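Undergrad: So I've got this file, structure16.cif, and it contains mmCIF, C-alpha atoms:
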data_my_file
#
loop_
_atom_site.label_atom_id
_atom_site.label_comp_id
_atom_site.auth_asym_id
_atom_site.auth_seq_id
_atom_site.Cartn_x
_atom_site.Cartn_y
_atom_site.Cartn_z
CA MET A 20 19.54 19.49 -25.76
CA ASP A 21 18.64 15.86 -26.62
CA ALA A 22 15.36 14.53 -25.28
CA LYS A 23 14.45 10.87 -24.85
CA VAL A 24 10.77 10.07 -24.46
CA GLU A 25 9.64 7.02 -22.48
CA LYS A 26 6.01 5.90 -22.20
CA GLY A 27 4.75 5.31 -18.69
CA LYS A 28 1.50 4.61 -16.95
CA SER A 29 1.07 8.22 -15.91
CA GLY A 30 1.98 9.75 -19.21
CA PRO A 31 5.27 10.45 -20.98
CA SER A 32 8.43 11.14 -18.98
CA PHE A 33 11.52 12.88 -20.28
CA LYS A 34 15.20 12.12 -19.65
CA LEU A 35 17.33 15.07 -20.60
CA MET A 36 21.02 14.62 -21.40
CA SER A 37 23.29 17.45 -22.47
CA ASP A 38 26.08 17.17 -25.02
CA ILE A 39 28.57 17.88 -22.22
CA GLU A 40 27.42 14.83 -20.23
CA LYS A 41 27.61 12.54 -23.25
CA ASP A 42 31.17 13.67 -24.12
CA THR A 43 32.51 13.28 -20.56
CA ASP A 44 34.48 10.10 -19.80
CA LEU A 45 33.46 9.70 -16.16
CA LYS A 46 35.56 6.59 -15.52
CA LYS A 47 38.74 8.21 -16.83
CA ILE A 48 38.16 11.34 -14.79
CA LEU A 49 37.68 9.38 -11.57
CA GLU A 50 40.69 7.09 -12.01
CA THR A 51 43.23 9.60 -13.29
CA ARG A 52 42.15 12.95 -11.88
CA ILE A 53 40.24 12.34 -8.64
CA LEU A 54 41.14 9.15 -6.80
CA ASP A 55 44.90 9.44 -7.49
CA SER A 56 45.35 13.18 -7.05
CA ARG A 57 44.05 16.24 -5.30
CA VAL A 58 40.49 17.04 -6.23
CA GLU A 59 40.56 19.50 -9.11
CA PHE A 60 37.77 19.92 -11.64
CA THR A 61 37.21 22.00 -14.69
CA LEU A 62 33.77 23.55 -15.07
CA ARG A 63 33.11 21.22 -18.02
CA GLU A 64 33.78 18.16 -15.85
CA VAL A 65 31.56 19.40 -13.02
CA LEU A 66 28.67 19.96 -15.42
CA GLY A 67 29.21 16.53 -17.01
CA ILE A 68 29.08 14.44 -13.82
CA ALA A 69 25.72 13.21 -12.55
CA LYS A 70 25.45 12.60 -8.80
CA LYS A 71 24.29 8.98 -8.89
CA GLU A 72 26.71 7.95 -11.63
CA PHE A 73 29.53 9.64 -9.74
CA HIS A 74 28.75 7.67 -6.56
CA ASP A 75 28.33 4.34 -8.35
CA GLU A 76 31.60 4.75 -10.25
CA ILE A 77 33.57 5.45 -7.07
CA ILE A 78 32.15 2.34 -5.38
CA ASP A 79 33.00 0.20 -8.41
CA ILE A 80 36.61 1.44 -8.65
CA VAL A 81 37.24 0.94 -4.92
CA ARG A 82 35.81 -2.60 -5.12
CA ARG A 83 38.03 -3.50 -8.08
CA LYS A 84 41.16 -2.14 -6.42
CA LYS A 85 40.43 -4.16 -3.29
CA GLN A 86 40.08 -7.33 -5.37
CA VAL A 87 43.42 -6.65 -7.09
CA ASN A 88 45.15 -6.22 -3.71
CA GLU A 89 43.75 -9.54 -2.48
CA GLN A 90 44.93 -11.31 -5.63
CA VAL A 91 48.44 -9.87 -5.24
CA LYS A 92 48.63 -11.07 -1.63
CA GLU A 93 47.69 -14.60 -2.70
CA THR A 94 50.15 -14.81 -5.59
CA ASN A 95 53.14 -13.03 -4.03
CA PRO A 96 52.80 -12.21 -0.32
CA LYS A 97 56.32 -10.78 -0.18
CA VAL A 98 55.22 -7.72 -2.14
CA ALA A 99 51.66 -7.40 -0.87
CA TYR A 100 50.61 -3.99 0.38
CA GLU A 101 47.55 -2.57 2.05
CA VAL A 102 46.30 0.99 1.57
CA VAL A 103 45.67 2.93 4.76
CA SER A 104 44.24 6.45 4.79
CA ASN A 105 45.12 9.18 7.24
CA GLU A 106 44.76 12.95 7.36
CA SER A 107 47.83 13.89 5.37
CA ASP A 108 49.08 10.87 3.39
CA ASN A 109 47.97 7.78 1.55
CA VAL A 110 50.12 5.21 3.33
CA ILE A 111 50.71 1.76 1.85
CA VAL A 112 51.72 -0.72 4.53
CA ASP A 113 53.27 -4.14 4.06
CA SER A 114 50.47 -6.19 5.57
CA GLN A 115 52.25 -9.55 5.63
CA HIS A 116 53.74 -8.89 9.08
CA ALA A 117 51.22 -6.41 10.41
CA SER A 118 50.55 -8.44 13.57
CA THR A 119 54.18 -8.93 14.58
CA SER A 120 54.20 -5.91 16.87
CA MET A 121 51.41 -7.36 19.06
CA ILE A 122 53.71 -8.79 21.74
CA SER A 123 54.23 -8.08 25.40
CA SER A 124 56.52 -5.26 26.49
CA THR A 125 58.77 -7.72 28.38
CA GLU A 126 59.23 -9.85 25.28
CA ALA A 127 59.79 -6.76 23.14
CA ARG A 128 62.56 -5.43 25.37
CA SER A 129 64.37 -8.75 25.14
CA HIS A 130 64.79 -8.34 21.38
CA TYR A 131 66.71 -5.09 21.26
CA SER A 132 68.57 -5.65 24.55
CA ARG A 133 70.18 -8.89 23.34
CA LYS A 134 73.86 -8.70 22.44
CA CYS A 135 74.34 -10.09 18.95
CA TRP A 136 77.47 -10.82 16.96
CA ALA A 137 75.52 -10.04 13.81
CA ARG A 138 72.09 -8.78 12.87
CA ALA A 139 70.19 -9.00 9.61
CA THR A 140 70.67 -6.10 7.24
CA THR A 141 67.83 -4.12 5.67
CA GLU A 142 66.46 -5.56 2.44
CA HIS A 143 63.22 -5.68 0.48
CA HIS A 144 61.76 -6.93 -2.79
CA VAL A 145 61.78 -4.32 -5.57
CA LYS A 146 60.74 -4.28 -9.21
CA ILE A 147 63.37 -3.07 -11.67
CA GLY A 148 62.41 -1.76 -15.11
CA ASP A 149 60.31 -4.17 -17.12
CA VAL A 150 61.72 -7.32 -15.50
CA PRO A 151 58.50 -9.11 -14.43
CA ASP A 152 59.64 -10.69 -11.15
CA PRO A 153 60.62 -8.60 -8.12
CA VAL A 154 64.14 -9.16 -6.76
CA MET A 155 65.61 -8.87 -3.29
CA ALA A 156 67.50 -5.60 -2.92
CA LEU A 157 69.90 -4.56 -0.20
CA ILE A 158 69.16 -1.09 1.18
CA ASP A 159 72.66 0.14 1.94
CA HIS A 160 72.99 3.49 3.71
CA GLY A 161 76.78 3.13 3.46
CA SER A 162 76.89 2.99 -0.34
CA GLU A 163 77.42 6.16 -2.37
CA ILE A 164 76.09 4.51 -5.53
CA ASN A 165 73.33 2.17 -6.69
CA ILE A 166 74.71 -1.18 -7.83
CA MET A 167 73.29 -3.82 -10.17
CA SER A 168 74.86 -7.24 -10.58
CA ALA A 169 76.03 -8.19 -14.06
CA ASP A 170 73.81 -11.30 -14.01
CA PHE A 171 70.72 -9.20 -13.31
CA TYR A 172 71.73 -6.63 -15.95
CA ARG A 173 71.59 -9.37 -18.57
CA LYS A 174 67.90 -9.86 -17.79
CA GLY A 175 67.03 -6.29 -18.69
CA ARG A 176 69.75 -5.28 -21.16
CA TRP A 177 69.40 -1.57 -20.42
CA PRO A 178 71.52 0.97 -22.33
CA ILE A 179 74.97 0.87 -20.76
CA ASP A 180 78.14 2.96 -20.84
CA THR A 181 81.22 0.77 -20.45
CA GLN A 182 83.68 3.68 -20.78
CA HIS A 183 82.53 5.55 -17.68
CA GLY A 184 85.92 5.57 -15.91
CA TRP A 185 84.53 4.90 -12.41
CA ARG A 186 85.86 2.41 -9.85
CA VAL A 187 84.35 1.22 -6.57
CA LYS A 188 86.28 1.06 -3.30
CA ALA A 189 84.95 -1.23 -0.60
CA ALA A 190 85.19 -0.63 3.14
CA THR A 191 88.16 -3.04 3.18
CA SER A 192 90.00 -0.65 0.81
CA VAL A 193 89.79 -3.15 -2.05
CA THR A 194 89.28 -1.30 -5.35
CA GLU A 195 87.37 -2.92 -8.19
CA ASP A 196 86.49 -1.87 -11.72
CA LEU A 197 82.81 -1.47 -12.57
CA PHE A 198 81.46 -3.22 -15.66
CA GLY A 199 79.28 -0.33 -16.81
CA ALA A 200 76.82 2.44 -15.98
CA CYS A 201 73.07 2.34 -16.77
CA PRO A 202 71.17 5.65 -16.61
CA ASN A 203 67.49 6.12 -15.70
CA VAL A 204 66.43 2.62 -14.68
CA LYS A 205 62.96 2.51 -13.11
CA VAL A 206 62.81 1.29 -9.49
CA THR A 207 59.37 0.43 -8.04
CA ILE A 208 58.36 -0.34 -4.44
CA GLY A 209 54.61 -0.43 -3.86
CA ASP A 210 53.33 2.31 -6.16
CA ILE A 211 56.38 4.56 -5.76
CA GLU A 212 58.40 4.72 -8.98
CA VAL A 213 61.66 6.63 -9.46
CA ASP A 214 64.30 6.56 -12.17
CA GLN A 215 67.78 5.80 -10.86
CA HIS A 216 71.30 5.49 -12.24
CA PHE A 217 72.99 2.12 -11.63
CA PHE A 218 76.56 0.91 -11.86
CA VAL A 219 76.92 -2.70 -13.01
CA GLN A 220 79.32 -4.83 -11.00
CA GLU A 221 80.55 -8.36 -11.60
CA GLY A 222 80.11 -10.68 -8.63
CA SER A 223 77.76 -8.52 -6.57
CA THR A 224 76.29 -10.34 -3.56
CA TYR A 225 72.83 -8.88 -4.25
CA PRO A 226 71.18 -8.43 -7.66
CA ILE A 227 70.35 -4.84 -6.61
CA ILE A 228 71.93 -2.56 -4.00
CA LEU A 229 70.05 0.68 -3.35
CA GLY A 230 72.45 3.27 -1.99
CA GLN A 231 72.32 6.93 -1.09
CA PRO A 232 71.09 8.14 -4.52
CA TYR A 233 67.87 6.13 -4.10
CA ILE A 234 67.55 6.82 -0.36
CA ILE A 235 67.73 10.58 -0.95
CA ALA A 236 65.41 10.48 -3.98
CA VAL A 237 62.56 8.88 -1.98
CA ARG A 238 63.41 10.69 1.30
CA MET A 239 63.61 7.35 3.07
CA GLU A 240 62.92 7.18 6.80
CA THR A 241 63.80 4.11 8.86
CA LYS A 242 62.59 2.90 12.25
CA VAL A 243 63.46 -0.05 14.48
CA LEU A 244 60.61 -1.39 16.64
CA ASP A 245 60.85 -2.95 20.09
CA ASN A 246 60.31 -6.45 18.70
CA GLY A 247 63.51 -6.25 16.65
CA SER A 248 61.83 -5.60 13.31
CA ALA A 249 62.74 -2.65 11.11
CA TYR A 250 60.61 -0.57 8.75
CA ALA A 251 61.27 1.98 6.04
CA LYS A 252 59.00 4.72 4.69
CA ILE A 253 59.44 6.33 1.29
CA ARG A 254 57.60 9.11 -0.56
CA SER A 255 56.73 9.78 -4.17
CA GLN A 256 58.54 12.72 -5.70
CA ASP A 257 55.39 14.84 -5.70
CA GLY A 258 54.94 14.07 -1.99
CA ARG A 259 51.36 12.80 -2.41
CA ARG A 260 51.94 9.08 -1.76
CA THR A 261 53.80 7.26 0.99
CA VAL A 262 54.81 3.61 1.15
CA GLN A 263 55.82 1.88 4.38
CA PHE A 264 57.36 -1.59 4.30
CA MET A 265 59.26 -4.03 6.50
CA THR A 266 63.01 -4.37 5.92
CA VAL A 267 63.91 -6.76 8.77
CA ARG A 268 61.62 -9.38 10.27
CA PRO A 269 61.53 -9.93 14.04
CA ASN A 270 63.64 -12.89 15.15
CA HIS A 271 65.40 -12.95 11.79
CA GLU A 272 67.44 -16.10 11.20
CA ARG A 273 70.48 -13.94 10.34
CA ASN A 274 70.60 -12.51 13.88
CA LYS A 275 73.53 -14.29 15.52
CA GLN A 276 73.72 -14.31 19.31
CA GLU A 277 76.36 -17.05 19.50
CA LEU A 278 79.89 -16.81 18.20
CA ARG A 279 79.88 -20.45 17.10
CA ASP A 280 77.07 -22.69 15.95
CA HIS A 281 78.37 -25.50 18.17
CA SER A 282 80.32 -25.06 21.36
CA ILE A 283 83.84 -26.48 21.53
CA PRO A 284 83.90 -29.69 23.62
CA LYS A 285 85.78 -29.50 26.88
CA GLU A 286 89.18 -31.17 27.09
CA CYS A 287 89.08 -34.45 29.00
CA ASP A 288 91.64 -35.31 31.70
CA ASP A 289 93.32 -38.07 29.68
CA PHE A 290 93.54 -35.96 26.51
CA ASN A 291 97.27 -36.58 26.09
CA ASN A 292 96.89 -40.27 26.69
CA GLN A 293 94.23 -40.54 23.99
CA VAL A 294 96.38 -38.84 21.39
CA PHE A 295 99.87 -40.00 22.37
CA ASP A 296 99.80 -43.57 23.66
#
If you convert what's in this file into structure tokens, what do you get?
TA:
Amino acid sequence: MDAKVEKGKSGPSFKLMSDIEKDTDLKKILETRILDSRVEFTLREVLGIAKKEFHDEIIDIVRRKKQVNEQVKETNPKVAYEVVSNESDNVIVDSQHASTSMISSTEARSHYSRKCWARATTEHHVKIGDVPDPVMALIDHGSEINIMSADFYRKGRWPIDTQHGWRVKAATSVTEDLFGACPNVKVTIGDIEVDQHFFVQEGSTYPIILGQPYIIAVRMETKVLDNGSAYAKIRSQDGRRTVQFMTVRPNHERNKQELRDHSIPKECDDFNNQVFD
């Protein structure tokens, strides 16, 4: 045991520190083994953690994570998330539109009872591989594959197989060759990361289309609220983290209640006279 002697008014005082305490990286233990996982300690770690240091380190880490979240919201509100704790999951909620559900029941009913010619599809910003900027991805429950546009592929230049022999057939029965196949590309939403296979397609309408392979991998759940908005919830593969995010905003500009933007003018009585005089 090491002993440090300090002179005080009432005589010498001793601060004892064991070799175990000195060799324990408290910060690393808290960040990688406690706050992000189920609480599991080895006997060596238990002996090496002092009560006051343990408490102070937790407060410091929580404070720093809160500051990071606030900075993310300011720089890119489209991908800002807020951590919410409950009994079973750590849920990350898209906080940008958190107040949109606070409307009257009468107003809410009017949203989903309206007859629309078209409604906005489900989409969200995702981060792909090491490409720094998130991109808008279509979440397509009707697609059997994940699709990446050729333009977006050129940003990442992932390993690609151009001799895969696959073709894609659209709902209109049009068949198209696929440019290539990229295995194990990382897809990130919130703090949920999964590796997914992508087919590269020329002329894709979205840079990324997440189909059934991704939906199944994250066990995606979807829900439509009374105000017309839609949410999705995904889980990490170990089941310990959950991310919830908005996929359709209420009163989305893509919701079309009218068949035409401008009504056709009524025919006037002297129509024939105006044209054929």
Undergrad: Env of A:Gly184: 9 Å cut, atoms = all atoms listed in the file, seq-sep filter 4 positions within chain, self excluded. Answer as a PyMOL selection string.
TA: chain A and resi 196-197+199
Undergrad: Residues within 8 Å of A:Pro232, please, as number ranges by chain. Count all atoms listed in the file; anything in the same chain fewer than 5 positions from it doesn't count.
TA: A: 163-165, 215
Undergrad: Do you know which residues the PyMOL selection byres ((chain A and resi 143) around 7) returns on this file, as a list of chain:residue names?
TA: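 So the PyMOL selection byres ((chain A and resi 143) around 7), applied here, picks out A:Glu142, A:His144, A:Val145, A:Met155, A:Ala156, A:Leu157, A:Thr266.
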Undergrad: Taking only residues of stretch 131-241 of chain A that have an atom at most 7 Å from an atom of stretch 250-259 of chain A, what is each one's shortest atom pair and its distance in Å to one decimal, using all atoms listed in the file, in chain and number order, as JSON lines?
TA:
{"residue": "A:Ile211", "atom": "CA", "partner": "A:Ser255", "partner_atom": "CA", "distance": 5.5}
{"residue": "A:Val237", "atom": "CA", "partner": "A:Arg254", "partner_atom": "CA", "distance": 5.2}
{"residue": "A:Arg238", "atom": "CA", "partner": "A:Ile253", "partner_atom": "CA", "distance": 5.9}
{"residue": "A:Met239", "atom": "CA", "partner": "A:Ile253", "partner_atom": "CA", "distance": 4.6}
{"residue": "A:Glu240", "atom": "CA", "partner": "A:Lys252", "partner_atom": "CA", "distance": 5.1}
{"residue": "A:Thr241", "atom": "CA", "partner": "A:Ala251", "partner_atom": "CA", "distance": 4.3}
Undergrad: Which residues come within 10 Å of A:His216, counting all atoms listed in the file, excluding same-chain residues fewer than 3 positions away, as a VMD selection string?
TA: chain A and resid 164 to 167 200 to 206 219 232 to 233
Undergrad: I need the chosen residues saved as a PDB file, keeping the file's coordinate frame, with C-alpha atoms.
TA:
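What ended up in part19.pdb:
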ATOM      1  CA  ILE A 164      76.090   4.510  -5.530  1.00  0.00           C
ATOM      2  CA  ASN A 165      73.330   2.170  -6.690  1.00  0.00           C
ATOM      3  CA  ILE A 166      74.710  -1.180  -7.830  1.00  0.00           C
ATOM      4  CA  MET A 167      73.290  -3.820 -10.170  1.00  0.00           C
ATOM      5  CA  ALA A 200      76.820   2.440 -15.980  1.00  0.00           C
ATOM      6  CA  CYS A 201      73.070   2.340 -16.770  1.00  0.00           C
ATOM      7  CA  PRO A 202      71.170   5.650 -16.610  1.00  0.00           C
ATOM      8  CA  ASN A 203      67.490   6.120 -15.700  1.00  0.00           C
ATOM      9  CA  VAL A 204      66.430   2.620 -14.680  1.00  0.00           C
ATOM     10  CA  LYS A 205      62.960   2.510 -13.110  1.00  0.00           C
ATOM     11  CA  VAL A 206      62.810   1.290  -9.490  1.00  0.00           C
ATOM     12  CA  VAL A 219      76.920  -2.700 -13.010  1.00  0.00           C
ATOM     13  CA  PRO A 232      71.090   8.140  -4.520  1.00  0.00           C
ATOM     14  CA  TYR A 233      67.870   6.130  -4.100  1.00  0.00           C
TER      15      TYR A 233
END
